[in-house]
Protein chains: 2
Amino acid sequence: MKIKLNGKIIDIRAIWIENKQKGIVKMIDQRYLPFRIVFFESKNVDETAWAIKNMVTRGAPNIGVAGAYGIYQAVIEAINKEDFLKHIMKKAEILKATRPTAINLSNIIDEVLDFIYKELEDGVSKTELIERVYNKVESIAKREIEANHKIGEIGKKLIKDGDDVLTHCNAGALAAVDIGTALAPIRYAHYEGKKITVYVNETRPWLQGARLTAWELEMENIPYYLISDNASGLFMYKGIIDIVIVGADRIAMNGDVANKIGTYKLAVIAKENNIPFYVAAPLTTFDPKIPSGDKIPIEERSPEEILYVLGYDDETNSLRKVRISLNTSKVLNPVFDITPFKYIDGIITEAGILRSQADIKNAVKNFMRKRD
Amino acid sequence: MKIKLNGKIIDIRAIWIENKQKGIVKMIDQRYLPFRIVFFESKNVDETAWAIKNMVTRGAPNIGVAGAYGIYQAVIEAINKEDFLKHIMKKAEILKATRPTAINLSNIIDEVLDFIYKELEDGVSKTELIERVYNKVESIAKREIEANHKIGEIGKKLIKDGDDVLTHCNAGALAAVDIGTALAPIRYAHYEGKKITVYVNETRPWLQGARLTAWELEMENIPYYLISDNASGLFMYKGIIDIVIVGADRIAMNGDVANKIGTYKLAVIAKENNIPFYVAAPLTTFDPKIPSGDKIPIEERSPEEILYVLGYDDETNSLRKVRISLNTSKVLNPVFDITPFKYIDGIITEAGILRSQADIKNAVKNFMRKRD
């Protein structure tokens with residue numbers, strides 16, 4: 001993604017391996033955006049797990065890659081340990097537990113673990129293994145970015161010149177290493193000269209829309225309006241929104257989608273107003289073990305996210321948390337919801353737009369065959 | 001409503017006439033809740049208009065009464081002016097323009113103006129008129145509060161023991177002089193010993209749920225959960241919510257309801273999940289001149305309400321505004337939406353629960369006949 005840093009425009013990913021030998025992973029610290037551009041350096045797998053848990057880096061495909069990088073760090077750490085494989089597997093469990101809903105994390109970690117098992121079975125030396133795991137995790141990152149480009153190419157056809165596009169949360173480059181999932185078709189439509197306006201739900205509680213999506217669009221000069229989550233219903237009802245595109249954190253085999261809390265409402269309202277509703281996600285977002293949405297675990301995050309809002313204090317030029325209710329208020333804070341497939345017109349993936357459960361079955365089967 | 005002030009529990013209204021001779025109106029300053037209990041004293045009609053426009057006092061039935069009090073202040077001011085009636089009418093226009101969507105304001109102001117015209121036609125002296133207008137506006141305030149009690153009595157039957165009730169915004173005592181509209185059935189169900197839990201949407205952008213409804217429920221020890229607006233969809237989908245009750249800012253004669261932005265989404269999701277959806281409002285909320293919802297003007301408020309969040313800074317013990325997006329972000333901030341009558345199971349009024357357009361027609365006709 002293109003960002004402005006110290007007066008220059010640079011092209012940057014949300015996360016990358018900064019130092020191959022030492023296993024240092026670097027990422028844009030998303031907690032400070034859009035107020036400051038800060039980088040977070042993770043020196044080991046524990047720090048990477050902490051970064052995922054605490055939203056330093058976030059977004060389902062992005063934390064999938066962060067998980068892969070974490071395993072690479074674990075392999076480096078384990079190299080002189082007696083319990084080599086046990087160490088890696090322990091760290092894998094820690095990584096997986098950081099965010100329970102996004103399946104890309106588990107899917108990609110398992111993919112790297114399977115790779116390690118096979119290499120070890122083939123009798124590869126441990127120093128050679130580090131090199132091979134490095135290549136594997138970098139090829140996964142590359143594959144995810146390429147998937148996003150394909151999602152952009154395929155999805156842009158759904159957006160017409162002049163369209164008003166509604167999106168929720170941040171399913172941009174920050175959420176998907178680069179380019180984005182839901183933002184990929186938007187970027188590609190913009191690049192080919194279509195005049196579009198993006199309606200950005202601010203996305204309480206963490207405000208990914210206000211903080212991250214607005215920032216990404218601003219960086220690319222794509223016109224947008226920031227709105228309250230509550231307002232998107234009115235804009236759909238009034239016929240202003242032409243299409244809704246959101247990301248996904250986990251997709252069941254029947255097409256039910258877990259995504260940022262509030263997605264379900266959007267999908268139902270879109271259907272009610274005959275507005276096409278699309279989910280954009282790479283195939284790593286599908287969970288072959290989950291037949292339907294009601295089996296997807298919903299992450300519950302800290303009440304603090306509801307009770308406090310983090311923002312920028314223009315007076316003191318500092319980030320500050322303000323409390324918006326009584327500190328005695330009891331809070332429930334589920335951060336994902338389930339959108340049944342019947343409300344979804346299609347899932348835009350790198351393998352095409354999936355419009356039926358048969359489409360999903362075939363695409364996931366092909367993807368897993370190719371991967372293995 | 002009962003509030004705790006300086007260690008004592010006192011019974012207080014959201015707005016009242018503090019000094020009859022001088023026309024001083026006092027109100028709870030809702031901008032500081034729940035962090036501080038501050039009172040705002042309005043010495044004249046211009047200050048009352050300012051207070052309504054700037055959310056010092058708010059809520060459709062409540063600003064209706066504030067408008068009546070403003071006219072009383074205008075009458076006192078006008079007493080020694082040559083253009084007596086012109087002055088009052090000018091101030092009435094200023095009052096009405098403060099908040100365009102809530103019709104109670106215009107309805108009640110017109111009611112007081114009509115009363116003044118008749119009294120003047122009857123040849124009443126100006127000093128006598130002040131007394132009569134005082135009695136009129138106080139009888140309106142009393143009537144509104146009585147309507148709320150009736151809404152509570154009637155509406156409580158809809159709430160069963162053990163129910164989880166979802167509400168939006170603040171349709172409590174703060175919004176309706178006392179008792180509340182949507183909160184009236186909740187209060188009455190609680191008073192008769194029903195164990196209920198209220199799910200309170202925080203209600204962006206102004207956070208009336210987090211700031212005001214949570215506070216009112218806390219003051220009465222009614223159990224509640226504060227949730228993000230986005231989360232209410234999940235709680236309905238999961239079958240947790242038994243009934244939804246909201247207030248209204250204007251109701252068209254076909255039953256379409258203008259209420260706080262986000263209401264429309266709730267109503268559609270409730271219908272989709274077979275959850276009863278009720279609107280609670282006094283008959284002053286109906287607009288006999290508006291046949292359907294699409295004719296109701298939607299107030300657009302400052303982008304500041306989206307870009308900044310006002311809250312309490314626990315570190316410095318002060319109220320503070322923090323910015324949640326780029327200061328260059330373009331914002332749209334409509335603060336009401338329209339819910340078509342087809343999504344509404346009934347409108348709880350002081351004249352009973354209106355379930356059809358014929359019900360609405362009869363109730364409004366009877367109300368206007370009694371009023372005149």
# chains A, B, ... in the order shown; residues from 1 in each chain; ligands from 1
>>> select_by_dssp(residues="region 206-259 of chain A", states="alpha helix (DSSP H)", output="PyMOL selection string")
chain A and resi 208+214-219+232-237
>>> write_last_selection(atoms="N, CA, C and O atoms", output="PDB file, in the first residue's frame")
ATOM      1  N   GLN A 208     -12.176   0.555  13.520  1.00  0.00           N
ATOM      2  CA  GLN A 208     -11.288   0.246  12.392  1.00  0.00           C
ATOM      3  C   GLN A 208     -11.644   1.063  11.148  1.00  0.00           C
ATOM      4  O   GLN A 208     -10.766   1.386  10.346  1.00  0.00           O
ATOM      5  N   ALA A 214     -10.534   4.789   6.634  1.00  0.00           N
ATOM      6  CA  ALA A 214     -10.485   6.201   6.223  1.00  0.00           C
ATOM      7  C   ALA A 214      -9.051   6.580   5.844  1.00  0.00           C
ATOM      8  O   ALA A 214      -8.815   7.237   4.830  1.00  0.00           O
ATOM      9  N   TRP A 215      -8.094   6.133   6.630  1.00  0.00           N
ATOM     10  CA  TRP A 215      -6.683   6.449   6.378  1.00  0.00           C
ATOM     11  C   TRP A 215      -6.197   5.844   5.063  1.00  0.00           C
ATOM     12  O   TRP A 215      -5.567   6.518   4.242  1.00  0.00           O
ATOM     13  N   GLU A 216      -6.528   4.571   4.846  1.00  0.00           N
ATOM     14  CA  GLU A 216      -6.101   3.927   3.587  1.00  0.00           C
ATOM     15  C   GLU A 216      -6.695   4.631   2.363  1.00  0.00           C
ATOM     16  O   GLU A 216      -6.014   4.823   1.355  1.00  0.00           O
ATOM     17  N   LEU A 217      -7.967   5.001   2.452  1.00  0.00           N
ATOM     18  CA  LEU A 217      -8.623   5.650   1.322  1.00  0.00           C
ATOM     19  C   LEU A 217      -8.042   7.043   1.092  1.00  0.00           C
ATOM     20  O   LEU A 217      -7.833   7.470  -0.037  1.00  0.00           O
ATOM     21  N   GLU A 218      -7.788   7.735   2.187  1.00  0.00           N
ATOM     22  CA  GLU A 218      -7.197   9.073   2.106  1.00  0.00           C
ATOM     23  C   GLU A 218      -5.819   9.003   1.425  1.00  0.00           C
ATOM     24  O   GLU A 218      -5.496   9.830   0.578  1.00  0.00           O
ATOM     25  N   MET A 219      -5.041   7.974   1.781  1.00  0.00           N
ATOM     26  CA  MET A 219      -3.696   7.810   1.214  1.00  0.00           C
ATOM     27  C   MET A 219      -3.743   7.590  -0.292  1.00  0.00           C
ATOM     28  O   MET A 219      -2.808   7.889  -1.012  1.00  0.00           O
ATOM     29  N   SER A 232     -25.620   3.668   8.337  1.00  0.00           N
ATOM     30  CA  SER A 232     -25.576   2.915   7.079  1.00  0.00           C
ATOM     31  C   SER A 232     -26.953   2.368   6.695  1.00  0.00           C
ATOM     32  O   SER A 232     -27.249   2.213   5.511  1.00  0.00           O
ATOM     33  N   GLY A 233     -27.804   2.100   7.688  1.00  0.00           N
ATOM     34  CA  GLY A 233     -29.168   1.658   7.390  1.00  0.00           C
ATOM     35  C   GLY A 233     -29.926   2.701   6.584  1.00  0.00           C
ATOM     36  O   GLY A 233     -30.550   2.393   5.565  1.00  0.00           O
ATOM     37  N   LEU A 234     -29.845   3.947   7.011  1.00  0.00           N
ATOM     38  CA  LEU A 234     -30.548   5.034   6.309  1.00  0.00           C
ATOM     39  C   LEU A 234     -30.047   5.167   4.874  1.00  0.00           C
ATOM     40  O   LEU A 234     -30.851   5.324   3.949  1.00  0.00           O
ATOM     41  N   PHE A 235     -28.729   5.100   4.680  1.00  0.00           N
ATOM     42  CA  PHE A 235     -28.189   5.276   3.327  1.00  0.00           C
ATOM     43  C   PHE A 235     -28.585   4.120   2.406  1.00  0.00           C
ATOM     44  O   PHE A 235     -28.718   4.299   1.206  1.00  0.00           O
ATOM     45  N   MET A 236     -28.786   2.939   2.974  1.00  0.00           N
ATOM     46  CA  MET A 236     -29.285   1.821   2.154  1.00  0.00           C
ATOM     47  C   MET A 236     -30.776   2.015   1.868  1.00  0.00           C
ATOM     48  O   MET A 236     -31.232   1.852   0.748  1.00  0.00           O
ATOM     49  N   TYR A 237     -31.513   2.387   2.889  1.00  0.00           N
ATOM     50  CA  TYR A 237     -32.967   2.583   2.759  1.00  0.00           C
ATOM     51  C   TYR A 237     -33.281   3.666   1.726  1.00  0.00           C
ATOM     52  O   TYR A 237     -34.232   3.552   0.946  1.00  0.00           O
TER      53      TYR A 237
END
>>> closest_atom_pairs(of="chain A", to="chain B", cutoff="8 Å", atoms="only C-alpha atoms", output="tab-separated table")
residue	atom	partner	partner_atom	distance
A:Pro34	CA	B:Leu326	CA	6.4
A:Phe35	CA	B:Leu326	CA	7.2
A:Thr203	CA	B:Asn230	CA	7.7
A:Arg204	CA	B:Ser228	CA	6.4
A:Pro205	CA	B:Ser228	CA	6.3
A:Leu207	CA	B:Ile324	CA	7.6
A:Ala210	CA	B:Ser325	CA	5.0
A:Arg211	CA	B:Ser325	CA	5.1
A:Ala214	CA	B:Ser329	CA	7.0
A:Trp215	CA	B:Leu326	CA	7.1
A:Glu218	CA	B:Ser329	CA	7.9
A:Tyr224	CA	B:Lys330	CA	6.8
A:Tyr225	CA	B:Val331	CA	5.0
A:Leu226	CA	B:Val331	CA	4.7
A:Ile227	CA	B:Leu332	CA	5.6
A:Ser228	CA	B:Pro205	CA	6.3
A:Asp229	CA	B:Asn230	CA	7.0
A:Asn230	CA	B:Gly262	CA	4.1
A:Ala231	CA	B:Ile261	CA	5.8
A:Gly233	CA	B:Lys265	CA	5.6
A:Leu234	CA	B:Asp337	CA	5.7
A:Ile261	CA	B:Asn230	CA	5.6
A:Gly262	CA	B:Asn230	CA	4.0
A:Thr263	CA	B:Asn230	CA	7.8
A:Tyr264	CA	B:Gly233	CA	6.6
A:Lys265	CA	B:Gly233	CA	5.7
A:Val268	CA	B:Ile269	CA	7.0
A:Ile269	CA	B:Lys265	CA	6.7
A:Ile306	CA	B:Ser228	CA	6.7
A:Val309	CA	B:Val309	CA	7.4
A:Leu310	CA	B:Ile324	CA	7.3
A:Gly311	CA	B:Val322	CA	4.8
A:Tyr312	CA	B:Arg323	CA	4.8
A:Asp313	CA	B:Val322	CA	4.8
A:Asp314	CA	B:Val322	CA	7.2
A:Arg320	CA	B:Val322	CA	7.0
A:Lys321	CA	B:Asp313	CA	6.7
A:Val322	CA	B:Gly311	CA	4.8
A:Arg323	CA	B:Tyr312	CA	4.8
A:Ile324	CA	B:Gly311	CA	4.8
A:Ser325	CA	B:Ala210	CA	5.0
A:Leu326	CA	B:Pro34	CA	6.3
A:Ser329	CA	B:Leu226	CA	6.7
A:Lys330	CA	B:Tyr225	CA	5.1
A:Val331	CA	B:Leu226	CA	4.8
A:Leu332	CA	B:Ile227	CA	5.6
A:Asn333	CA	B:Ile227	CA	6.4
A:Pro334	CA	B:Ala231	CA	6.8
A:Val335	CA	B:Ala231	CA	7.6
A:Asp337	CA	B:Leu234	CA	5.7
A:Ile338	CA	B:Leu234	CA	7.4
>>> select_by_dssp(residues="region 100-264 of chain B", states="strand (DSSP E)", output="PyMOL selection string")
chain B and resi 164-167+197-201+224-227+243-246+250-251+257-260
>>> closest_residue(among="A:Ala358, A:Ile140, A:Leu166, A:Ile63", to="Thr101 (chain A)", atoms="only C-alpha atoms")
A:Ile63
>>> closest_residue(among="A:Ile130, A:Ile9, A:Ala280, A:Val364", to="His149 (chain A)", atoms="only C-alpha atoms")
A:Ala280
>>> atom_distance(atom1="CA of Asp256 (chain B)", atom2="CA of Ser356 (chain B)")
11.2 Å
>>> residues_around(residues="region 369-372 of chain B", least_positions_apart="6", cutoff="12 Å", atoms="only C-alpha atoms", output="list in words")
Asn107, Ile108, Asp110, Glu111, Val112, Leu113, Asp114, Phe115, Lys118, Lys136, Ser139, Ile140, Arg143, Leu283, Thr284, Asn362 and Ala363 of chain B
>>> atom_distance(atom1="CA of Lys157 (chain B)", atom2="CA of Ile344 (chain B)")
17.1 Å
>>> atom_distance(atom1="CA of Lys90 (chain B)", atom2="CA of Asn104 (chain B)")
18.4 Å
>>> closest_residue(among="A:Ala184, A:Ile196, A:Met27, A:Ile3", to="Lys43 (chain A)", atoms="only C-alpha atoms")
A:Met27
